[in-house]
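Asker: This one is work.cif, mmCIF, C-alpha atoms and all ligand atoms.
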data_start
loop_
_atom_site.label_atom_id
_atom_site.label_comp_id
_atom_site.auth_asym_id
_atom_site.auth_seq_id
_atom_site.Cartn_x
_atom_site.Cartn_y
_atom_site.Cartn_z
CA MET A 1 0.00 0.00 0.00
CA SER A 2 1.38 3.48 -0.73
CA SER A 3 0.27 7.07 -0.35
CA SER A 4 1.89 10.23 -1.68
CA TYR A 5 2.92 13.28 0.29
CA ALA A 6 4.90 16.17 -1.17
CA ASN A 7 7.98 14.60 -2.82
CA THR A 8 7.83 11.40 -0.79
CA THR A 9 6.08 8.14 -1.30
CA VAL A 10 5.22 6.48 1.99
CA VAL A 11 5.01 2.72 1.65
CA THR A 12 3.36 0.69 4.37
CA ASN A 13 3.79 -3.02 4.32
CA SER A 14 0.44 -4.53 5.05
CA ALA A 15 1.62 -7.99 4.06
CA GLY A 16 4.25 -8.63 6.72
CA PRO A 17 6.16 -7.44 9.74
CA SER A 18 9.32 -6.10 8.02
CA PRO A 19 9.47 -2.29 8.34
CA VAL A 20 9.47 -0.30 5.08
CA GLY A 21 10.65 3.33 5.04
CA PRO A 22 9.68 6.19 2.73
CA ILE A 23 11.04 6.23 -0.82
CA PRO A 24 12.30 9.60 -2.13
CA VAL A 25 10.78 11.04 -5.28
CA SER A 26 13.96 11.52 -7.30
CA LYS A 27 15.01 14.94 -8.57
CA LEU A 28 17.04 13.09 -11.22
CA PRO A 29 14.79 10.14 -12.14
CA ASP A 30 16.41 9.76 -15.56
CA VAL A 31 19.95 9.49 -14.22
CA GLY A 32 21.69 6.14 -13.83
CA THR A 33 25.23 5.23 -12.78
CA THR A 34 27.83 7.23 -14.72
CA ILE A 35 29.37 5.72 -17.83
CA PHE A 36 32.83 6.04 -16.21
CA THR A 37 31.84 3.88 -13.24
CA THR A 38 30.01 1.44 -15.50
CA MET A 39 32.87 0.94 -17.95
CA SER A 40 35.61 0.73 -15.32
CA ALA A 41 33.60 -1.90 -13.43
CA LEU A 42 33.04 -3.86 -16.64
CA ALA A 43 36.77 -3.66 -17.45
CA GLN A 44 37.56 -5.03 -14.02
CA THR A 45 35.05 -7.87 -14.28
CA HIS A 46 36.52 -8.97 -17.61
CA GLY A 47 40.16 -8.23 -16.82
CA ALA A 48 40.17 -5.84 -19.79
CA LEU A 49 42.72 -3.11 -20.53
CA ASN A 50 40.99 -0.06 -19.14
CA LEU A 51 41.27 2.88 -21.53
CA SER A 52 37.77 4.05 -20.58
CA GLN A 53 37.60 6.23 -17.44
CA GLY A 54 40.19 9.02 -17.63
CA PHE A 55 43.01 8.24 -15.23
CA PRO A 56 46.70 7.37 -15.65
CA ASP A 57 48.01 3.87 -14.98
CA PHE A 58 51.17 5.44 -13.52
CA ASP A 59 51.69 7.28 -10.25
CA GLY A 60 52.20 10.95 -9.44
CA PRO A 61 55.75 12.37 -9.11
CA PRO A 62 57.65 10.66 -6.23
CA GLU A 63 58.59 14.00 -4.68
CA LEU A 64 54.93 15.02 -4.51
CA LEU A 65 54.04 11.75 -2.80
CA GLU A 66 56.93 12.30 -0.40
CA ARG A 67 55.77 15.84 0.46
CA VAL A 68 52.20 14.68 1.18
CA ASN A 69 53.57 11.83 3.28
CA TYR A 70 55.69 14.35 5.18
CA TYR A 71 52.69 16.47 6.13
CA LEU A 72 50.60 13.39 6.91
CA THR A 73 53.21 12.19 9.39
CA HIS A 74 54.12 15.59 10.87
CA GLY A 75 50.87 16.66 12.42
CA PHE A 76 49.14 18.44 9.52
CA ASN A 77 45.93 16.51 9.97
CA GLN A 78 43.30 18.92 11.32
CA TYR A 79 40.86 21.17 9.47
CA PRO A 80 42.54 23.61 7.12
CA PRO A 81 40.90 26.99 6.34
CA MET A 82 37.61 26.72 4.49
CA MET A 83 38.98 28.32 1.29
CA GLY A 84 42.16 26.19 1.23
CA VAL A 85 45.61 26.57 2.82
CA ALA A 86 47.38 29.86 2.11
CA PRO A 87 50.55 28.42 0.50
CA LEU A 88 48.49 26.46 -2.02
CA ARG A 89 46.32 29.43 -2.93
CA GLN A 90 49.46 31.56 -3.29
CA ALA A 91 51.10 28.95 -5.52
CA ILE A 92 47.97 28.84 -7.72
CA ALA A 93 47.95 32.66 -7.93
CA GLN A 94 51.61 32.60 -9.00
CA LYS A 95 50.89 29.98 -11.64
CA VAL A 96 48.02 31.89 -13.24
CA ALA A 97 50.06 35.10 -13.12
CA ASP A 98 52.95 33.37 -14.93
CA LEU A 99 50.82 31.51 -17.46
CA TYR A 100 47.87 33.78 -18.12
CA ALA A 101 49.02 37.18 -16.81
CA LEU A 102 46.07 37.25 -14.39
CA LYS A 103 46.71 39.12 -11.18
CA CYS A 104 44.29 37.60 -8.72
CA ASP A 105 44.10 37.89 -4.97
CA PRO A 106 44.56 34.44 -3.40
CA GLU A 107 42.68 35.63 -0.30
CA LYS A 108 39.56 36.62 -2.18
CA GLU A 109 39.57 34.90 -5.56
CA ILE A 110 40.89 31.35 -5.15
CA THR A 111 39.07 28.47 -3.45
CA VAL A 112 40.44 24.94 -3.17
CA THR A 113 37.76 22.30 -3.75
CA ALA A 114 37.18 18.56 -3.63
CA GLY A 115 38.11 18.10 -7.28
CA ALA A 116 36.78 20.02 -10.24
CA THR A 117 33.50 18.18 -9.69
CA GLU A 118 32.77 20.05 -6.47
CA ALA A 119 33.90 23.33 -8.04
CA LEU A 120 31.48 22.80 -10.93
CA PHE A 121 28.64 22.11 -8.50
CA CYS A 122 29.33 25.21 -6.41
CA ALA A 123 29.86 27.48 -9.41
CA ILE A 124 26.61 26.38 -11.05
CA ALA A 125 24.74 26.67 -7.73
CA SER A 126 26.19 30.17 -7.22
CA VAL A 127 24.46 31.72 -10.20
CA VAL A 128 21.66 29.49 -11.45
CA HIS A 129 18.20 30.20 -10.03
CA SER A 130 14.95 28.45 -10.82
CA GLY A 131 14.05 28.82 -14.49
CA ASP A 132 17.44 30.16 -15.56
CA GLU A 133 18.81 28.77 -18.81
CA VAL A 134 22.34 27.42 -19.09
CA ILE A 135 24.05 26.76 -22.41
CA VAL A 136 26.17 23.62 -22.62
CA PHE A 137 27.83 22.11 -25.66
CA ASP A 138 27.23 18.47 -26.57
CA PRO A 139 28.96 16.12 -26.17
CA ALA A 140 29.02 17.59 -22.63
CA TYR A 141 30.84 16.35 -19.55
CA ASP A 142 28.32 14.32 -17.62
CA SER A 143 27.97 16.38 -14.44
CA TYR A 144 26.83 19.68 -15.99
CA ASP A 145 23.25 18.83 -16.92
CA PRO A 146 22.16 17.14 -13.66
CA VAL A 147 23.69 19.87 -11.50
CA ILE A 148 21.94 22.59 -13.52
CA ARG A 149 18.64 20.77 -13.08
CA LEU A 150 19.20 20.31 -9.34
CA GLN A 151 19.27 24.12 -9.11
CA GLY A 152 15.98 24.34 -10.98
CA GLY A 153 17.81 25.54 -14.08
CA VAL A 154 17.11 24.58 -17.67
CA PRO A 155 20.04 23.12 -19.62
CA VAL A 156 20.08 24.28 -23.25
CA HIS A 157 22.18 21.78 -25.20
CA ILE A 158 23.88 22.88 -28.40
CA PRO A 159 25.70 20.17 -30.38
CA LEU A 160 29.26 20.92 -31.45
CA THR A 161 29.77 20.81 -35.20
CA GLU A 162 31.33 17.58 -36.43
CA PRO A 163 33.83 16.43 -37.52
CA SER A 164 36.03 19.05 -35.81
CA PHE A 165 33.70 19.52 -32.80
CA CYS A 166 33.81 23.30 -32.93
CA VAL A 167 31.15 25.72 -31.65
CA ASP A 168 28.46 26.85 -34.09
CA TRP A 169 28.29 30.48 -32.95
CA GLN A 170 25.19 31.25 -34.97
CA ARG A 171 23.33 28.56 -33.01
CA VAL A 172 24.60 29.98 -29.73
CA LYS A 173 23.39 33.44 -30.73
CA GLU A 174 19.97 32.06 -31.56
CA ALA A 175 19.82 30.14 -28.26
CA ILE A 176 20.44 33.18 -26.06
CA THR A 177 17.33 34.56 -24.38
CA GLN A 178 16.46 36.91 -21.51
CA ARG A 179 16.71 33.87 -19.23
CA THR A 180 20.23 32.79 -20.26
CA ARG A 181 22.29 33.01 -17.08
CA LEU A 182 25.37 30.91 -17.76
CA ILE A 183 27.47 29.35 -20.52
CA ILE A 184 29.69 26.38 -19.63
CA ILE A 185 32.88 26.15 -21.66
CA ASN A 186 35.16 23.13 -21.63
CA THR A 187 38.45 23.57 -23.44
CA PRO A 188 40.44 21.36 -23.99
CA HIS A 189 37.31 19.35 -24.52
CA ASN A 190 36.38 16.03 -22.99
CA PRO A 191 35.50 13.71 -24.77
CA THR A 192 36.52 14.98 -28.23
CA GLY A 193 39.98 16.47 -27.63
CA SER A 194 39.11 19.69 -29.50
CA VAL A 195 40.40 23.06 -28.25
CA TRP A 196 39.09 26.58 -28.64
CA ALA A 197 40.85 29.13 -30.85
CA GLU A 198 41.17 32.89 -30.29
CA ALA A 199 38.32 33.34 -32.78
CA ASP A 200 36.01 31.47 -30.38
CA ILE A 201 36.91 33.85 -27.58
CA GLN A 202 36.12 36.80 -29.82
CA GLN A 203 32.73 35.32 -30.72
CA LEU A 204 31.98 34.67 -27.06
CA ARG A 205 32.94 38.21 -26.15
CA GLU A 206 30.58 39.64 -28.75
CA LEU A 207 27.70 37.60 -27.33
CA VAL A 208 28.18 38.22 -23.61
CA THR A 209 29.40 41.81 -23.43
CA ASP A 210 26.70 44.00 -21.83
CA THR A 211 24.69 40.98 -20.67
CA ASN A 212 24.34 39.43 -17.21
CA ILE A 213 25.51 36.05 -18.46
CA TYR A 214 28.15 34.26 -16.36
CA LEU A 215 30.79 31.87 -17.67
CA ILE A 216 32.28 28.68 -16.30
CA GLY A 217 35.61 27.65 -17.80
CA ASP A 218 36.07 23.94 -17.14
CA GLU A 219 39.82 23.92 -17.79
CA VAL A 220 40.88 20.69 -16.09
CA TYR A 221 43.02 19.79 -19.14
CA GLU A 222 44.62 23.25 -19.34
CA HIS A 223 48.17 21.81 -19.49
CA MET A 224 47.41 19.27 -22.21
CA VAL A 225 47.22 21.29 -25.42
CA PHE A 226 49.21 19.95 -28.36
CA ASP A 227 50.82 20.94 -31.68
CA GLN A 228 51.79 24.45 -30.52
CA HIS A 229 48.18 25.51 -29.89
CA ALA A 230 47.71 27.87 -26.94
CA HIS A 231 45.20 27.30 -24.16
CA THR A 232 42.55 30.02 -24.26
CA SER A 233 42.02 30.22 -20.51
CA LEU A 234 39.28 32.61 -19.44
CA CYS A 235 41.93 33.94 -17.03
CA ARG A 236 43.68 35.59 -19.99
CA TYR A 237 40.91 38.04 -20.85
CA ASP A 238 40.11 40.64 -18.18
CA ASP A 239 36.63 41.40 -19.51
CA LEU A 240 35.65 37.72 -19.63
CA TYR A 241 37.31 36.86 -16.32
CA ALA A 242 35.10 39.51 -14.69
CA ARG A 243 32.10 37.19 -15.23
CA SER A 244 33.86 33.80 -14.91
CA PHE A 245 34.48 30.86 -12.64
CA VAL A 246 37.67 29.20 -13.89
CA ILE A 247 38.01 25.60 -12.71
CA SER A 248 40.95 23.21 -12.77
CA SER A 249 41.96 19.88 -11.22
CA PHE A 250 45.22 18.77 -9.61
CA GLY A 251 44.13 15.19 -10.28
CA LYS A 252 44.73 15.63 -14.01
CA THR A 253 47.90 17.69 -13.81
CA TYR A 254 49.74 15.57 -11.22
CA HIS A 255 48.48 12.08 -12.20
CA VAL A 256 46.58 11.74 -8.92
CA THR A 257 42.90 11.66 -9.90
CA GLY A 258 41.98 9.78 -6.72
CA TRP A 259 43.04 12.66 -4.49
CA LYS A 260 40.11 14.75 -5.73
CA VAL A 261 41.60 18.20 -5.23
CA GLY A 262 40.87 21.07 -7.58
CA TYR A 263 40.20 24.78 -7.43
CA CYS A 264 38.05 27.63 -8.65
CA ILE A 265 39.34 31.10 -9.51
CA ALA A 266 36.70 33.81 -9.73
CA PRO A 267 36.45 37.56 -9.08
CA GLU A 268 35.81 38.55 -5.48
CA LEU A 269 32.02 38.81 -5.54
CA LEU A 270 31.63 35.59 -7.48
CA SER A 271 34.04 33.81 -5.12
CA LEU A 272 32.08 35.13 -2.15
CA GLU A 273 28.94 33.42 -3.38
CA PHE A 274 30.92 30.32 -4.39
CA ARG A 275 32.37 30.03 -0.86
CA ARG A 276 28.94 30.44 0.73
CA ILE A 277 28.02 27.17 -0.95
CA HIS A 278 31.41 25.41 -0.76
CA GLN A 279 31.46 25.80 3.03
CA TYR A 280 28.31 23.70 3.27
CA VAL A 281 29.12 21.17 0.58
CA THR A 282 32.55 19.98 1.75
CA PHE A 283 33.63 22.93 3.96
CA THR A 284 37.26 22.25 3.00
CA VAL A 285 39.70 19.76 1.48
CA ASN A 286 42.16 17.45 3.23
CA THR A 287 45.16 19.20 4.79
CA PRO A 288 48.27 17.11 3.98
CA VAL A 289 47.51 16.91 0.26
CA GLN A 290 47.04 20.68 0.08
CA TYR A 291 50.40 21.39 1.73
CA GLY A 292 52.14 18.73 -0.36
CA LEU A 293 50.74 20.22 -3.57
CA ALA A 294 51.78 23.72 -2.48
CA ASP A 295 55.40 22.62 -2.01
CA PHE A 296 55.48 20.76 -5.29
CA LEU A 297 53.89 23.56 -7.31
CA GLN A 298 56.45 26.02 -6.03
CA ALA A 299 59.45 23.74 -6.45
CA HIS A 300 58.54 22.19 -9.81
CA PRO A 301 56.72 24.49 -12.21
CA GLU A 302 58.44 22.51 -14.97
CA HIS A 303 56.03 19.65 -14.22
CA HIS A 304 53.01 21.45 -15.67
CA LEU A 305 55.11 23.24 -18.27
CA GLN A 306 56.28 19.90 -19.73
CA LEU A 307 52.97 18.11 -19.46
CA ALA A 308 51.85 18.94 -23.00
CA ASP A 309 55.04 17.38 -24.46
CA PHE A 310 54.67 14.37 -22.19
CA TYR A 311 51.11 13.67 -23.32
CA GLN A 312 51.69 14.67 -26.93
CA ALA A 313 54.34 11.92 -27.12
CA LYS A 314 51.78 9.43 -25.79
CA ARG A 315 49.14 10.63 -28.23
CA ASP A 316 51.60 10.30 -31.11
CA LEU A 317 52.68 6.83 -30.04
CA PHE A 318 49.07 5.65 -29.78
CA CYS A 319 48.07 7.18 -33.14
CA ASP A 320 51.21 5.84 -34.90
CA LEU A 321 50.59 2.36 -33.56
CA LEU A 322 47.06 2.54 -34.93
CA ALA A 323 48.12 3.68 -38.40
CA PRO A 324 47.80 0.14 -39.89
CA SER A 325 44.34 -0.35 -38.28
CA LYS A 326 40.93 0.19 -39.85
CA PHE A 327 40.17 3.08 -37.50
CA LYS A 328 40.04 6.59 -38.90
CA VAL A 329 42.29 8.56 -36.58
CA LYS A 330 42.30 12.33 -36.34
CA SER A 331 44.80 13.19 -33.60
CA SER A 332 43.27 15.01 -30.67
CA THR A 333 44.46 18.57 -30.04
CA GLY A 334 44.14 18.46 -26.27
CA THR A 335 43.19 16.36 -23.18
CA TYR A 336 44.43 12.79 -22.76
CA PHE A 337 41.65 11.31 -24.84
CA GLN A 338 41.68 10.10 -28.43
CA LEU A 339 38.54 9.49 -30.45
CA LEU A 340 38.72 6.52 -32.81
CA ASP A 341 36.23 6.45 -35.68
CA TYR A 342 35.19 2.83 -36.19
CA SER A 343 32.80 3.35 -39.12
CA GLU A 344 34.88 1.13 -41.44
CA ILE A 345 34.73 -1.75 -38.99
CA THR A 346 31.05 -1.86 -37.96
CA ASP A 347 27.90 0.24 -37.80
CA GLU A 348 27.00 -1.02 -34.33
CA PRO A 349 25.89 1.73 -31.88
CA ASP A 350 28.84 2.98 -29.81
CA HIS A 351 27.25 2.07 -26.49
CA SER A 352 26.83 -1.64 -27.21
CA LEU A 353 30.16 -1.74 -29.07
CA ALA A 354 32.12 -0.35 -26.10
CA LYS A 355 30.51 -2.99 -23.91
CA ARG A 356 31.06 -5.84 -26.38
CA TRP A 357 34.71 -5.00 -27.03
CA THR A 358 35.34 -4.88 -23.28
CA GLU A 359 33.80 -8.34 -22.85
CA GLU A 360 35.06 -9.99 -26.03
CA LEU A 361 38.33 -8.25 -26.90
CA GLY A 362 39.44 -7.20 -23.43
CA ILE A 363 39.69 -3.48 -24.14
CA ALA A 364 37.46 -0.86 -22.53
CA SER A 365 36.59 2.56 -23.96
CA ILE A 366 33.86 5.18 -23.57
CA PRO A 367 30.96 5.68 -26.02
CA ILE A 368 30.45 9.35 -26.80
CA SER A 369 26.74 9.34 -27.66
CA VAL A 370 25.98 9.22 -23.91
CA PHE A 371 27.26 12.80 -23.61
CA TYR A 372 24.47 14.13 -25.84
CA GLN A 373 21.05 15.20 -24.62
CA ASN A 374 19.75 13.75 -27.86
CA PRO A 375 22.04 10.85 -28.88
CA GLN A 376 20.69 11.23 -32.45
CA ASN A 377 22.77 14.38 -32.72
CA CYS A 378 25.86 12.20 -32.39
CA THR A 379 26.43 11.20 -35.99
CA HIS A 380 30.06 10.30 -35.42
CA LYS A 381 30.76 6.57 -35.02
CA ALA A 382 33.53 6.88 -32.47
CA LEU A 383 34.76 5.62 -29.12
CA ARG A 384 36.95 7.54 -26.67
CA PHE A 385 40.23 5.99 -25.54
CA CYS A 386 42.37 7.39 -22.70
CA PHE A 387 46.07 7.48 -23.61
CA ALA A 388 47.29 8.48 -20.11
CA LYS A 389 48.89 5.05 -19.92
CA ASP A 390 52.33 3.49 -19.85
CA ASP A 391 53.74 2.98 -23.35
CA GLU A 392 53.51 -0.76 -22.85
CA THR A 393 49.76 -0.51 -22.12
CA LEU A 394 49.29 1.58 -25.26
CA GLN A 395 51.19 -1.04 -27.28
CA ARG A 396 49.00 -3.85 -25.94
CA ALA A 397 45.88 -1.80 -26.66
CA ALA A 398 47.01 -1.07 -30.22
CA GLU A 399 47.77 -4.76 -30.86
CA ILE A 400 44.16 -5.63 -29.99
CA LEU A 401 42.71 -2.77 -32.03
CA CYS A 402 44.85 -3.46 -35.11
CA LYS A 403 43.45 -7.00 -35.36
CA LEU A 404 39.95 -5.67 -36.02
N1 LIG B 501 35.55 18.29 -15.94
C1 LIG B 501 36.01 17.49 -16.91
C2 LIG B 501 35.91 17.94 -18.32
C3 LIG B 501 36.57 16.26 -16.59
O1 LIG B 501 37.02 15.46 -17.57
C4 LIG B 501 36.63 15.85 -15.25
C5 LIG B 501 37.14 14.50 -14.91
N2 LIG B 501 38.34 14.56 -14.41
C6 LIG B 501 36.17 16.74 -14.26
C7 LIG B 501 35.62 17.94 -14.64
C8 LIG B 501 36.22 16.37 -12.81
O2 LIG B 501 37.50 16.49 -12.27
P1 LIG B 501 37.84 15.99 -10.79
O3 LIG B 501 38.22 14.56 -10.90
O4 LIG B 501 38.97 16.86 -10.34
O5 LIG B 501 36.63 16.19 -9.96
N1 LIG B 502 36.81 12.81 -16.05
C1 LIG B 502 36.97 11.39 -16.13
C2 LIG B 502 36.71 10.96 -17.57
O1 LIG B 502 36.27 11.71 -18.39
C3 LIG B 502 36.07 10.60 -15.22
C4 LIG B 502 35.72 11.18 -13.91
C5 LIG B 502 34.67 10.35 -13.23
O2 LIG B 502 34.72 9.14 -13.25
N2 LIG B 502 33.71 10.99 -12.67
O3 LIG B 502 36.94 9.82 -17.88
#
What do you get writing this file as structure tokens?

Answerer:
Amino acid sequence: MSSSYANTTVVTNSAGPSPVGPIPVSKLPDVGTTIFTTMSALAQTHGALNLSQGFPDFDGPPELLERVNYYLTHGFNQYPPMMGVAPLRQAIAQKVADLYALKCDPEKEITVTAGATEALFCAIASVVHSGDEVIVFDPAYDSYDPVIRLQGGVPVHIPLTEPSFCVDWQRVKEAITQRTRLIIINTPHNPTGSVWAEADIQQLRELVTDTNIYLIGDEVYEHMVFDQHAHTSLCRYDDLYARSFVISSFGKTYHVTGWKVGYCIAPELLSLEFRRIHQYVTFTVNTPVQYGLADFLQAHPEHHLQLADFYQAKRDLFCDLLAPSKFKVKSSTGTYFQLLDYSEITDEPDHSLAKRWTEELGIASIPISVFYQNPQNCTHKALRFCFAKDDETLQRAAEILCKL
């Protein structure tokens, strides 16, 4: 027997003695387990090479691990300040000054978060009110849409133009209304590996100047831009930064995705609102990792400066190894993901193919149609492979793929 109250279904078990509690009416009834969790679990079950979920199969720099261990074993284990420890915020401020010529105040404009995921949540929650529209580009990273809807916002999905996955600015212009409150930008782009050009920034500027539209720059792959392209960080442009939350992740940059530490840089008044929410989502982020990262950032800026070369070499190795295969390979321009077009091998839908190849061939990847609001807009027959792997893993992966 069940009866409905506001947002709760109360179930009473008239048949037997076992107690039954209320069942929540979901705010996200259409959402299942993420594709990353699903594919990694499937890879594990079948002992498959896991090139699906984006994480390296090698460890972070030994000196970074040593620094974190030092703080862990020397009494740095109580709550740090809500916005993050001062040395880490100062090191981030120095980095963005050096790379993007942004002078930001680490006291007022930088907040350390539990990964980019938390930063995205807090940034979206900071500005999106009920009924506000948010523009996202498909294929879109999976957390944007549900978080927008949790705030009562309306995601407006605009497909990127294939095959280069660039923004169709005319469509963006047509999509902007009085209710548009936010545009979420992700460059370098997961899952396609495309990166924005200066011309995109100019187009964006023309659309948002004199509006009250905010921007989120999801820049977690900021240090992985290849072939001499430059990263168009929103930190570089004073007028755009004035309306932006710029988000990055130490997990990506230091090969430590499991640490879940990231940050958000935003002008003072935006950061104020961001921190109002952050303090009640996680309050703060673990102390020893923050101090360890601060030391490493200061001592080894060459780590992030050389990251593009490091990953470009891996991308090139993977693409070269696949040259004799039937895949159509257009090298990615950024991130540590490579799309492989399988249209000459099969016309099977990407979702079932990714699953089948994990089970039958022992290699796991990510279908990209799942990142579209309307999967029909995904006309590309491609799977995403993560090349943040040891060269030997990439060789074993290529051997399997070249047999197809
Ligand atoms: N944004 C994008 C585009 C990502 O690929 C990821 C996954 N790393 C995140 C955000 C989340 O990053 P984090 O693991 O630091 O929460
Ligand atoms: N960002 C990672 C990817 O794209 C996954 C992160 C996660 O599992 N939530 O593969």

Asker: Taking 3 positions as the minimum chain separation for residues in the same chain, which residues sit within 12 Å of Gln44 of chain A when counting only C-alpha atoms? Answer as a PyMOL selection string.

Answerer: chain A and resi 37-41+47-53+358-359+362-364

Asker: Using all atoms listed in the file, give me every residue within 12 Å of (20.2, 8.5, -24.7) in file coordinates, as a PDB file with C-alpha atoms, keeping the file's coordinate frame.

Answerer:
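Printed below is point-v3.pdb as written:
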ATOM      1  CA  ASP A  30      16.410   9.760 -15.560  1.00  0.00           C
ATOM      2  CA  VAL A  31      19.950   9.490 -14.220  1.00  0.00           C
ATOM      3  CA  GLY A  32      21.690   6.140 -13.830  1.00  0.00           C
ATOM      4  CA  ILE A  35      29.370   5.720 -17.830  1.00  0.00           C
ATOM      5  CA  PRO A 139      28.960  16.120 -26.170  1.00  0.00           C
ATOM      6  CA  PRO A 349      25.890   1.730 -31.880  1.00  0.00           C
ATOM      7  CA  ASP A 350      28.840   2.980 -29.810  1.00  0.00           C
ATOM      8  CA  HIS A 351      27.250   2.070 -26.490  1.00  0.00           C
ATOM      9  CA  PRO A 367      30.960   5.680 -26.020  1.00  0.00           C
ATOM     10  CA  ILE A 368      30.450   9.350 -26.800  1.00  0.00           C
ATOM     11  CA  SER A 369      26.740   9.340 -27.660  1.00  0.00           C
ATOM     12  CA  VAL A 370      25.980   9.220 -23.910  1.00  0.00           C
ATOM     13  CA  PHE A 371      27.260  12.800 -23.610  1.00  0.00           C
ATOM     14  CA  TYR A 372      24.470  14.130 -25.840  1.00  0.00           C
ATOM     15  CA  GLN A 373      21.050  15.200 -24.620  1.00  0.00           C
ATOM     16  CA  ASN A 374      19.750  13.750 -27.860  1.00  0.00           C
ATOM     17  CA  PRO A 375      22.040  10.850 -28.880  1.00  0.00           C
ATOM     18  CA  GLN A 376      20.690  11.230 -32.450  1.00  0.00           C
ATOM     19  CA  ASN A 377      22.770  14.380 -32.720  1.00  0.00           C
ATOM     20  CA  CYS A 378      25.860  12.200 -32.390  1.00  0.00           C
TER      21      CYS A 378
END

Asker: Which distance in Å separates atom CA of Ile247 of chain A and atom CA of Tyr311 of chain A, to one decimal?

Answerer: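 Those two atoms sit 20.7 Å apart.
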
Asker: Report the centre and edge lengths, in Å to one decimal, of an axis-aligned box enclosing every atom of ligand LIG 501 (chain B) listed in the file, padded by 8 Å on each side, as AutoDock Vina command-line options.

Answerer:
--center_x 37.3 --center_y 16.4 --center_z -14.1 --size_x 19.4 --size_y 19.8 --size_z 24.4

Asker: Could you list, as a list in words, all protein and nucleic acid residues with an atom at most 7 Å from ligand LIG 501 (chain B), counting all atoms listed in the file?

Answerer: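 Result of the 7 Å neighbour search around ligand LIG 501 (chain B): Gly54, Ala114, Gly115, Ala116, Thr117, Glu118, Tyr141, Asn186, His189, Asn190, Asp218, Val220, Ser249, Phe250, Gly251, Lys252, Thr257, Lys260, Val261 and Gly262 of chain A.
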
Asker: What would the file look like if the residues just selected were written as a CSV table (one decimal), in the coordinates of the input with C-alpha atoms?

Answerer:
chain,number,residue,atom,x,y,z
A,54,GLY,CA,40.2,9.0,-17.6
A,114,ALA,CA,37.2,18.6,-3.6
A,115,GLY,CA,38.1,18.1,-7.3
A,116,ALA,CA,36.8,20.0,-10.2
A,117,THR,CA,33.5,18.2,-9.7
A,118,GLU,CA,32.8,20.0,-6.5
A,141,TYR,CA,30.8,16.4,-19.6
A,186,ASN,CA,35.2,23.1,-21.6
A,189,HIS,CA,37.3,19.4,-24.5
A,190,ASN,CA,36.4,16.0,-23.0
A,218,ASP,CA,36.1,23.9,-17.1
A,220,VAL,CA,40.9,20.7,-16.1
A,249,SER,CA,42.0,19.9,-11.2
A,250,PHE,CA,45.2,18.8,-9.6
A,251,GLY,CA,44.1,15.2,-10.3
A,252,LYS,CA,44.7,15.6,-14.0
A,257,THR,CA,42.9,11.7,-9.9
A,260,LYS,CA,40.1,14.8,-5.7
A,261,VAL,CA,41.6,18.2,-5.2
A,262,GLY,CA,40.9,21.1,-7.6

Asker: Rank A:Asp142, A:Glu268, A:Asp132, A:Glu219 by their smallest atom-to-atom distance to ligand LIG 502 (chain B), using only C-alpha atoms and all ligand atoms, and report the top residue only.

Answerer: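 With only C-alpha atoms and all ligand atoms as the atom set, the closest residue is A:Asp142.
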
Asker: I'd like the contact shell of segment 338-345 of chain A - 12 Å cut-off, all atoms listed in the file, skipping same-chain residues fewer than 4 positions apart - returned as a ChimeraX atom specification.

Answerer: /A:51-52,54,163-165,189-194,311-312,314-319,322-323,325-334,349-350,353-354,365-368,379-388,394,398,401-404

Asker: Quick check, in Å to one decimal: how far apart do atom CA of Thr34 of chain A and atom CA of Ile213 of chain A lie?

Answerer: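 Atom-to-atom, atom CA of Thr34 of chain A to atom CA of Ile213 of chain A, that is 29.2 Å.
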
Asker: When you count only C-alpha atoms, which of these residues is closest to Ser126 of chain A: A:Thr232, A:Gln395, A:Thr187, A:Ser244?

Answerer: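 Looking only at the distances to Ser126 of chain A, the closest residue turns out to be A:Ser244.
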
Asker: For ligand LIG 502 (chain B), which residue out of A:Thr45, A:Ser143, A:Ser271, A:Gln170 is the nearest one, using all atoms listed in the file?

Answerer: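 Result for the nearest residue to ligand LIG 502 (chain B): A:Ser143.
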
Asker: Using only C-alpha atoms and all ligand atoms, find the one residue out of A:Ala101, A:Pro188, A:Ile148, A:Gln202 that sits nearest to ligand LIG 502 (chain B).

Answerer: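 So, comparing all the options, the nearest one is A:Pro188.
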
Asker: Return segment 248-252 of chain A, completed with N, CA and C atoms, as an mmCIF file, keeping the file's coordinate frame.

Answerer:
data_model
loop_
_atom_site.group_PDB
_atom_site.id
_atom_site.type_symbol
_atom_site.label_atom_id
_atom_site.label_comp_id
_atom_site.auth_asym_id
_atom_site.auth_seq_id
_atom_site.Cartn_x
_atom_site.Cartn_y
_atom_site.Cartn_z
ATOM 1 N N SER A 248 39.946 24.180 -12.336
ATOM 2 C CA SER A 248 40.950 23.210 -12.770
ATOM 3 C C SER A 248 41.059 22.093 -11.734
ATOM 4 N N SER A 249 41.877 21.075 -12.065
ATOM 5 C CA SER A 249 41.960 19.880 -11.220
ATOM 6 C C SER A 249 43.410 19.438 -11.060
ATOM 7 N N PHE A 250 43.858 19.298 -9.829
ATOM 8 C CA PHE A 250 45.220 18.770 -9.610
ATOM 9 C C PHE A 250 45.290 17.292 -9.996
ATOM 10 N N GLY A 251 44.151 16.620 -9.932
ATOM 11 C CA GLY A 251 44.130 15.190 -10.280
ATOM 12 C C GLY A 251 44.681 14.946 -11.665
ATOM 13 N N LYS A 252 44.298 15.793 -12.619
ATOM 14 C CA LYS A 252 44.730 15.630 -14.010
ATOM 15 C C LYS A 252 46.197 15.998 -14.160
#
